[in-house]
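Next up, input-v1.json (JSON, C-alpha atoms):
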[["chain", "number", "residue", "atom", "x", "y", "z"],
["A", 19, "MET", "CA", 144.15, 90.41, 158.40],
["A", 20, "THR", "CA", 145.10, 89.87, 154.78],
["A", 21, "THR", "CA", 142.15, 90.29, 152.44],
["A", 22, "ALA", "CA", 141.15, 89.61, 148.87],
["A", 23, "VAL", "CA", 137.85, 90.12, 147.08],
["A", 24, "ILE", "CA", 136.66, 87.57, 144.54],
["A", 25, "GLY", "CA", 134.09, 89.37, 142.45],
["A", 26, "SER", "CA", 132.41, 89.77, 139.08],
["A", 27, "ALA", "CA", 131.41, 93.46, 139.24],
["A", 28, "ARG", "CA", 134.86, 94.84, 138.54],
["A", 29, "ASP", "CA", 133.89, 98.49, 138.28],
["A", 30, "ILE", "CA", 132.01, 98.50, 141.59],
["A", 31, "VAL", "CA", 134.82, 96.82, 143.55],
["A", 32, "GLU", "CA", 137.53, 98.98, 141.96],
["A", 33, "THR", "CA", 135.52, 102.11, 142.77],
["A", 34, "VAL", "CA", 135.33, 101.02, 146.41],
["A", 35, "ALA", "CA", 139.11, 100.37, 146.23],
["A", 36, "VAL", "CA", 140.28, 97.16, 147.91],
["A", 37, "ALA", "CA", 143.61, 95.57, 148.72],
["A", 38, "ARG", "CA", 143.29, 92.76, 146.16],
["A", 39, "LEU", "CA", 140.62, 91.81, 143.61],
["A", 40, "LEU", "CA", 140.41, 88.59, 141.64],
["A", 41, "PHE", "CA", 138.06, 89.62, 138.85],
["A", 42, "VAL", "CA", 136.00, 86.69, 137.59],
["A", 43, "ASP", "CA", 134.24, 87.76, 134.42],
["A", 44, "TYR", "CA", 131.09, 85.72, 135.00],
["A", 45, "PRO", "CA", 127.43, 86.71, 135.16],
["A", 46, "LEU", "CA", 126.74, 87.94, 138.71],
["A", 47, "GLY", "CA", 125.94, 85.06, 141.08],
["A", 48, "ASN", "CA", 128.83, 82.61, 140.76],
["A", 49, "PRO", "CA", 132.03, 84.53, 141.51],
["A", 50, "THR", "CA", 133.78, 81.42, 142.87],
["A", 51, "GLY", "CA", 132.99, 79.13, 139.98],
["A", 52, "LYS", "CA", 130.29, 77.56, 137.87],
["A", 53, "PRO", "CA", 127.64, 75.66, 139.85],
["A", 54, "TYR", "CA", 128.62, 72.02, 140.48],
["A", 55, "ASP", "CA", 131.92, 72.46, 138.61],
["A", 56, "ALA", "CA", 134.56, 71.53, 141.19],
["A", 57, "ALA", "CA", 137.47, 72.03, 138.78],
["A", 58, "ASP", "CA", 136.33, 75.55, 137.93],
["A", 59, "GLN", "CA", 135.86, 76.41, 141.62],
["A", 60, "GLN", "CA", 139.31, 75.04, 142.47],
["A", 61, "LEU", "CA", 140.90, 77.05, 139.66],
["A", 62, "ILE", "CA", 139.36, 80.31, 140.91],
["A", 63, "VAL", "CA", 140.27, 79.66, 144.54],
["A", 64, "ALA", "CA", 143.84, 78.76, 143.50],
["A", 65, "GLU", "CA", 144.09, 82.05, 141.59],
["A", 66, "ALA", "CA", 142.77, 83.97, 144.60],
["A", 67, "LEU", "CA", 145.32, 82.31, 146.89],
["A", 68, "ASP", "CA", 148.12, 83.12, 144.41],
["A", 69, "LEU", "CA", 146.95, 86.74, 144.49],
["A", 70, "VAL", "CA", 146.96, 86.78, 148.31],
["A", 71, "GLU", "CA", 150.52, 85.52, 148.26],
["A", 72, "ARG", "CA", 151.95, 87.63, 145.46],
["A", 73, "ALA", "CA", 150.34, 91.08, 145.59],
["A", 74, "TRP", "CA", 152.72, 93.65, 147.10],
["A", 75, "SER", "CA", 150.63, 96.81, 146.87],
["A", 76, "PRO", "CA", 146.98, 97.77, 147.34],
["A", 77, "GLN", "CA", 144.36, 97.95, 144.58],
["A", 78, "THR", "CA", 145.90, 95.02, 142.74],
["A", 79, "THR", "CA", 143.42, 93.50, 140.29],
["A", 80, "VAL", "CA", 144.12, 90.16, 138.65],
["A", 81, "VAL", "CA", 141.84, 88.93, 135.89],
["A", 82, "SER", "CA", 140.93, 85.29, 136.39],
["A", 83, "SER", "CA", 141.62, 82.94, 133.50],
["A", 84, "ALA", "CA", 138.15, 81.40, 133.94],
["A", 85, "VAL", "CA", 135.79, 81.81, 130.95],
["A", 86, "TRP", "CA", 132.02, 81.59, 131.39],
["A", 87, "ASP", "CA", 131.03, 80.46, 127.89],
["A", 88, "PRO", "CA", 133.47, 80.66, 124.99],
["A", 89, "THR", "CA", 130.62, 80.53, 122.47],
["A", 90, "ASP", "CA", 128.24, 83.12, 123.95],
["A", 91, "ASP", "CA", 129.04, 86.60, 125.19],
["A", 92, "GLY", "CA", 125.39, 87.67, 125.22],
["A", 93, "TRP", "CA", 124.97, 87.54, 129.00],
["A", 94, "ARG", "CA", 126.89, 90.81, 129.29],
["A", 95, "GLN", "CA", 124.23, 92.62, 127.30],
["A", 96, "ARG", "CA", 121.18, 90.86, 128.74],
["A", 97, "PHE", "CA", 121.74, 91.77, 132.40],
["A", 98, "MET", "CA", 119.58, 94.76, 133.45],
["A", 99, "GLU", "CA", 119.05, 95.51, 129.79],
["A", 100, "VAL", "CA", 116.92, 98.47, 128.80],
["A", 101, "THR", "CA", 115.46, 98.18, 125.29],
["A", 102, "ASP", "CA", 112.52, 99.60, 123.37],
["A", 103, "ALA", "CA", 110.78, 96.29, 124.09],
["A", 104, "ASN", "CA", 110.88, 96.59, 127.90],
["A", 105, "ARG", "CA", 111.04, 100.36, 128.44],
["A", 106, "ALA", "CA", 107.29, 100.77, 129.07],
["A", 107, "GLU", "CA", 107.20, 97.74, 131.36],
["A", 108, "LEU", "CA", 110.12, 99.02, 133.46],
["A", 109, "ALA", "CA", 108.47, 102.43, 133.83],
["A", 110, "ALA", "CA", 105.18, 100.82, 134.89],
["A", 111, "LYS", "CA", 106.85, 98.52, 137.43],
["A", 112, "GLY", "CA", 108.86, 101.43, 138.82],
["A", 113, "ALA", "CA", 105.70, 103.51, 139.22],
["A", 114, "GLN", "CA", 104.00, 100.61, 141.03],
["A", 115, "ARG", "CA", 106.95, 100.25, 143.39],
["A", 116, "LYS", "CA", 106.99, 103.97, 144.14],
["A", 117, "ALA", "CA", 103.24, 103.95, 144.85],
["A", 118, "ALA", "CA", 103.66, 100.98, 147.22],
["A", 119, "GLN", "CA", 106.50, 102.76, 149.02],
["A", 120, "ALA", "CA", 104.39, 105.90, 149.38],
["A", 121, "ARG", "CA", 101.50, 103.84, 150.79],
["A", 122, "ARG", "CA", 103.80, 102.22, 153.36],
["A", 123, "ARG", "CA", 105.12, 105.64, 154.40],
["A", 124, "GLU", "CA", 101.55, 106.86, 154.77],
["A", 125, "GLU", "CA", 100.58, 103.85, 156.91],
["A", 126, "ARG", "CA", 103.59, 104.28, 159.18],
["A", 127, "HIS", "CA", 102.73, 107.93, 159.55],
["A", 128, "SER", "CA", 99.07, 107.38, 160.42],
["A", 129, "SER", "CA", 99.83, 104.57, 162.88],
["A", 130, "LYS", "CA", 102.00, 106.87, 165.00],
["B", 6, "MET", "CA", 151.97, 86.40, 112.44],
["B", 7, "THR", "CA", 149.37, 87.26, 115.01],
["B", 8, "THR", "CA", 147.09, 90.21, 114.59],
["B", 9, "SER", "CA", 146.04, 92.31, 117.53],
["B", 10, "ARG", "CA", 142.63, 93.88, 117.84],
["B", 11, "ARG", "CA", 142.64, 97.38, 119.21],
["B", 12, "ARG", "CA", 140.13, 97.71, 122.01],
["B", 13, "THR", "CA", 138.57, 101.07, 122.69],
["B", 14, "GLU", "CA", 135.94, 99.86, 125.15],
["B", 15, "PRO", "CA", 136.23, 97.70, 128.24],
["B", 16, "THR", "CA", 135.23, 94.12, 127.48],
["B", 17, "HIS", "CA", 133.59, 93.62, 130.86],
["B", 18, "PRO", "CA", 130.23, 95.12, 131.78],
["B", 19, "SER", "CA", 130.04, 98.35, 133.76],
["B", 20, "TYR", "CA", 127.57, 97.50, 136.47],
["B", 21, "ILE", "CA", 127.53, 101.06, 137.75],
["B", 22, "GLU", "CA", 126.42, 102.30, 134.33],
["B", 23, "ARG", "CA", 124.02, 99.45, 133.55],
["B", 24, "SER", "CA", 122.24, 99.70, 136.91],
["B", 25, "ALA", "CA", 122.00, 103.50, 136.62],
["B", 26, "GLN", "CA", 120.31, 103.18, 133.22],
["B", 27, "PHE", "CA", 118.04, 100.42, 134.45],
["B", 28, "TYR", "CA", 116.85, 102.39, 137.48],
["B", 29, "ALA", "CA", 116.49, 105.57, 135.43],
["B", 30, "ALA", "CA", 114.21, 103.65, 133.06],
["B", 31, "SER", "CA", 112.28, 102.52, 136.15],
["B", 32, "GLY", "CA", 111.67, 106.14, 137.15],
["B", 33, "TYR", "CA", 114.47, 106.62, 139.69],
["B", 34, "GLU", "CA", 116.30, 109.63, 138.35],
["B", 35, "GLN", "CA", 118.83, 110.07, 141.13],
["B", 36, "ARG", "CA", 121.88, 107.87, 140.61],
["B", 37, "TYR", "CA", 123.06, 105.70, 143.48],
["B", 38, "ALA", "CA", 126.28, 107.03, 145.01],
["B", 39, "TRP", "CA", 128.50, 103.94, 145.11],
["B", 40, "ALA", "CA", 131.14, 103.80, 147.81],
["B", 41, "SER", "CA", 134.23, 105.42, 146.32],
["B", 42, "HIS", "CA", 137.77, 105.69, 147.66],
["B", 43, "THR", "CA", 141.11, 106.60, 146.12],
["B", 44, "THR", "CA", 143.22, 104.46, 148.42],
["B", 45, "ALA", "CA", 142.87, 101.10, 150.12],
["B", 46, "PRO", "CA", 144.50, 99.59, 153.21],
["B", 47, "PHE", "CA", 146.87, 96.71, 152.56],
["B", 48, "THR", "CA", 148.06, 94.00, 154.93],
["B", 49, "PRO", "CA", 150.80, 91.71, 153.59],
["B", 50, "LEU", "CA", 150.79, 88.07, 154.62],
["B", 51, "ALA", "CA", 152.38, 87.76, 158.06],
["B", 52, "LYS", "CA", 153.31, 84.09, 157.67],
["B", 53, "PRO", "CA", 153.35, 81.44, 154.97],
["B", 54, "LEU", "CA", 149.97, 80.76, 153.37],
["B", 55, "SER", "CA", 150.41, 77.09, 154.31],
["B", 56, "GLU", "CA", 150.09, 78.14, 157.98],
["B", 57, "CYS", "CA", 147.12, 80.50, 157.48],
["B", 58, "THR", "CA", 143.48, 79.99, 158.41],
["B", 59, "VAL", "CA", 141.20, 81.22, 155.62],
["B", 60, "GLY", "CA", 137.67, 82.56, 156.16],
["B", 61, "VAL", "CA", 134.96, 83.53, 153.68],
["B", 62, "VAL", "CA", 132.70, 86.58, 153.95],
["B", 63, "THR", "CA", 129.58, 86.47, 151.79],
["B", 64, "THR", "CA", 126.73, 88.81, 150.87],
["B", 65, "ALA", "CA", 124.33, 85.82, 150.83],
["B", 66, "TYR", "CA", 122.16, 85.61, 153.93],
["B", 67, "LEU", "CA", 120.39, 83.25, 156.34],
["B", 68, "GLU", "CA", 117.75, 85.75, 157.52],
["B", 69, "SER", "CA", 116.79, 88.73, 155.38],
["B", 70, "ASP", "CA", 116.91, 91.05, 158.39],
["B", 71, "GLY", "CA", 119.71, 93.28, 157.13],
["B", 72, "GLN", "CA", 122.05, 92.21, 159.94],
["B", 73, "PRO", "CA", 125.50, 90.64, 159.77],
["B", 74, "PHE", "CA", 125.72, 86.99, 160.82],
["B", 75, "VAL", "CA", 128.21, 84.33, 161.78],
["B", 76, "ALA", "CA", 127.34, 80.65, 161.49],
["B", 77, "ASP", "CA", 128.84, 77.21, 161.52],
["B", 78, "ARG", "CA", 130.14, 76.39, 158.05],
["B", 79, "ALA", "CA", 127.46, 73.71, 157.67],
["B", 80, "ALA", "CA", 124.98, 76.59, 157.33],
["B", 81, "ALA", "CA", 126.41, 77.35, 153.88],
["B", 82, "ALA", "CA", 123.87, 74.89, 152.47],
["B", 83, "GLN", "CA", 121.05, 77.13, 153.79],
["B", 84, "LEU", "CA", 122.35, 80.41, 152.37],
["B", 85, "ALA", "CA", 119.73, 82.39, 150.47],
["B", 86, "THR", "CA", 120.29, 84.78, 147.57],
["B", 87, "ASP", "CA", 116.77, 85.62, 146.33],
["B", 88, "ARG", "CA", 116.80, 89.20, 147.52],
["B", 89, "LEU", "CA", 120.17, 89.98, 145.98],
["B", 90, "SER", "CA", 120.67, 91.30, 142.47],
["B", 91, "TRP", "CA", 122.42, 88.74, 140.27],
["B", 92, "ALA", "CA", 121.99, 87.27, 136.80],
["B", 93, "LYS", "CA", 118.94, 85.14, 137.59],
["B", 94, "ASP", "CA", 118.19, 84.59, 133.88],
["B", 95, "GLU", "CA", 121.66, 83.24, 133.15],
["B", 96, "THR", "CA", 122.60, 80.98, 136.04],
["B", 97, "THR", "CA", 121.59, 79.57, 139.44],
["B", 98, "THR", "CA", 122.95, 79.79, 142.98],
["B", 99, "ASP", "CA", 121.79, 76.25, 143.86],
["B", 100, "ASP", "CA", 125.41, 75.24, 144.49],
["B", 101, "PRO", "CA", 126.65, 77.31, 147.45],
["B", 102, "ASN", "CA", 130.22, 76.52, 146.41],
["B", 103, "SER", "CA", 129.70, 78.83, 143.45],
["B", 104, "PHE", "CA", 129.76, 81.80, 145.86],
["B", 105, "VAL", "CA", 131.16, 80.39, 149.17],
["B", 106, "PRO", "CA", 133.94, 78.06, 147.97],
["B", 107, "LEU", "CA", 134.32, 75.80, 151.01],
["B", 108, "ASP", "CA", 134.91, 72.59, 149.03],
["B", 109, "ALA", "CA", 137.70, 74.21, 147.01],
["B", 110, "LEU", "CA", 139.24, 75.63, 150.21],
["B", 111, "ASP", "CA", 139.04, 72.20, 151.88],
["B", 112, "LYS", "CA", 140.99, 70.83, 148.92],
["B", 113, "ALA", "CA", 143.57, 73.62, 149.27],
["B", 114, "ALA", "CA", 143.91, 72.70, 152.96],
["B", 115, "ALA", "CA", 144.20, 68.99, 152.17],
["B", 116, "ASP", "CA", 146.89, 69.80, 149.59],
["B", 117, "GLY", "CA", 148.80, 71.88, 152.14],
["B", 118, "ARG", "CA", 148.36, 75.11, 150.16],
["B", 119, "ILE", "CA", 146.64, 76.74, 153.16],
["B", 120, "GLY", "CA", 146.74, 75.83, 156.85],
["B", 121, "ALA", "CA", 143.03, 75.50, 157.57],
["B", 122, "VAL", "CA", 139.54, 76.68, 156.66],
["B", 123, "SER", "CA", 137.65, 78.61, 159.33],
["B", 124, "THR", "CA", 134.94, 76.57, 161.04],
["B", 125, "ARG", "CA", 132.51, 79.47, 160.58],
["B", 126, "ILE", "CA", 131.23, 81.59, 157.70],
["B", 127, "TYR", "CA", 130.52, 85.31, 157.92],
["B", 128, "GLY", "CA", 127.72, 87.28, 156.29],
["B", 129, "VAL", "CA", 127.58, 90.99, 155.57],
["B", 130, "PRO", "CA", 124.25, 92.41, 154.38],
["B", 131, "THR", "CA", 124.06, 94.59, 151.28],
["B", 132, "VAL", "CA", 122.46, 97.80, 152.50],
["B", 133, "TYR", "CA", 121.86, 101.19, 150.91],
["B", 134, "SER", "CA", 123.80, 103.08, 153.60],
["B", 135, "HIS", "CA", 127.61, 103.07, 153.37],
["B", 136, "ARG", "CA", 127.78, 104.37, 156.91],
["B", 137, "GLN", "CA", 125.98, 101.32, 158.30],
["B", 138, "THR", "CA", 128.38, 98.98, 156.51],
["B", 139, "GLN", "CA", 131.46, 100.90, 157.60],
["B", 140, "THR", "CA", 130.64, 101.73, 161.19],
["B", 141, "ARG", "CA", 128.46, 98.80, 162.29],
["B", 142, "HIS", "CA", 128.56, 95.76, 160.04],
["B", 143, "ALA", "CA", 132.25, 95.65, 159.03],
["B", 144, "PRO", "CA", 133.59, 96.03, 162.60],
["B", 145, "GLN", "CA", 131.28, 93.22, 163.73],
["B", 146, "ILE", "CA", 132.55, 90.92, 160.98],
["B", 147, "VAL", "CA", 136.17, 91.76, 161.85],
["B", 148, "GLU", "CA", 135.47, 90.90, 165.49],
["B", 149, "TRP", "CA", 134.14, 87.46, 164.54],
["B", 150, "LEU", "CA", 137.05, 86.82, 162.17],
["B", 151, "ALA", "CA", 139.49, 87.69, 164.98],
["B", 152, "GLU", "CA", 137.68, 85.37, 167.41],
["B", 153, "ASP", "CA", 138.28, 82.55, 164.94],
["B", 154, "ASN", "CA", 141.94, 83.50, 164.37],
["B", 155, "VAL", "CA", 141.36, 84.00, 160.65],
["B", 156, "ASP", "CA", 144.54, 85.18, 158.89],
["B", 157, "VAL", "CA", 143.25, 85.47, 155.32],
["B", 158, "VAL", "CA", 139.81, 86.75, 154.39],
["B", 159, "LEU", "CA", 138.21, 86.03, 151.04],
["B", 160, "ALA", "CA", 135.38, 88.54, 150.65],
["B", 161, "VAL", "CA", 132.93, 87.35, 148.01],
["B", 162, "PRO", "CA", 130.08, 89.64, 146.95],
["B", 163, "LEU", "CA", 127.52, 88.02, 144.68]]
Render the structure in this file as structure tokens.
Amino acid sequence: MTTAVIGSARDIVETVAVARLLFVDYPLGNPTGKPYDAADQQLIVAEALDLVERAWSPQTTVVSSAVWDPTDDGWRQRFMEVTDANRAELAAKGAQRKAAQARRREERHSSK
Amino acid sequence: MTTSRRRTEPTHPSYIERSAQFYAASGYEQRYAWASHTTAPFTPLAKPLSECTVGVVTTAYLESDGQPFVADRAAAAQLATDRLSWAKDETTTDDPNSFVPLDALDKAAADGRIGAVSTRIYGVPTVYSHRQTQTRHAPQIVEWLAEDNVDVVLAVPL
């Protein structure tokens, strides 16, 4: 089978190493086009099909010509952002999650 | 005359780095070991694209049971993404075509660019264990793709 990945997390896919990657530089969630934008989705699929046809060696990455928002690049910074404003909140949430996990482990243990 | 701007940093986000910093700030000191390979298998097209059946593999899910699935393509409308990590503050996944592009593939088939679109969609769960993906989930997906005579696989992680 001939394969291609269409993805937005370029570093993760290239670290895995795949035959072909169409890199769509969008916020994670819409690798095959903006929601309800048929023209955008057709463009990205057409680029992926071109890649399937033309690549002749593995680990070929092609950068899609699709642009998320020509006026705002901020989404790159905002995703999973750690700042002085949310550092304490992240630590507290993480501690809560760890405590819940420990409780579940305890319950599984005692129910055996 | 055009001027060129010298770039010393990648312009795209490093998700490996961003997620490591995020989880470190959340108290998880040990970095996740992402699957890492130095080579990749490569299968050239065996026949013209216009004669190929194309299938889509997604990381979206129907049941959050951590198991691979195969479903009629109509099930794309029911795909869920809540438990996956994506840019929920920036966009939505309300349009399944934004991650399983069946409409665009139908158009490619109607235009004669591809032969056909598979009648089924295939789901691979995102799990912590590489071994589970490699030895159990991926072979199952390949089996389903072969049953449907899929020639070209578009694998689309959210």
What are the residues of chain A that have an atom within 7 Å of an atom of chain B, counting only C-alpha atoms, as an MDAnalysis selection string?
-> chainID A and resid 19:25 27 29:30 33:37 43 45:54 59:60 63 71 75:77 93:94 97:100 105 108:109 111:113
Kindly give the distance, in Å, that separates CA of Arg78 (chain B) and CA of Trp86 (chain A), rounded to a single decimal.
->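 Computing the Euclidean distance for CA of Arg78 (chain B) and CA of Trp86 (chain A) yields 27.2 Å.
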What lies within 10 Å of Val80 (chain A) using only C-alpha atoms, ignoring chain neighbours under 2 positions off, as an MDAnalysis selection string?
-> chainID A and resid 24 38:42 65:66 68:69 73 77:78 82:83
CA of Val132 (chain B) to CA of Arg36 (chain B): how many Å, to one decimal?
->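 Atom-to-atom, CA of Val132 (chain B) to CA of Arg36 (chain B), that is 15.6 Å.
Put simply, CA of Tyr44 (chain A) is 15.5 Å away from CA of Thr79 (chain A).
Ranking B:Gly128, B:Ser134, B:Gln35, B:Glu148 by their shortest atom-to-atom distance to Phe74 (chain B), with all atoms listed in the file included, puts B:Gly128 first.
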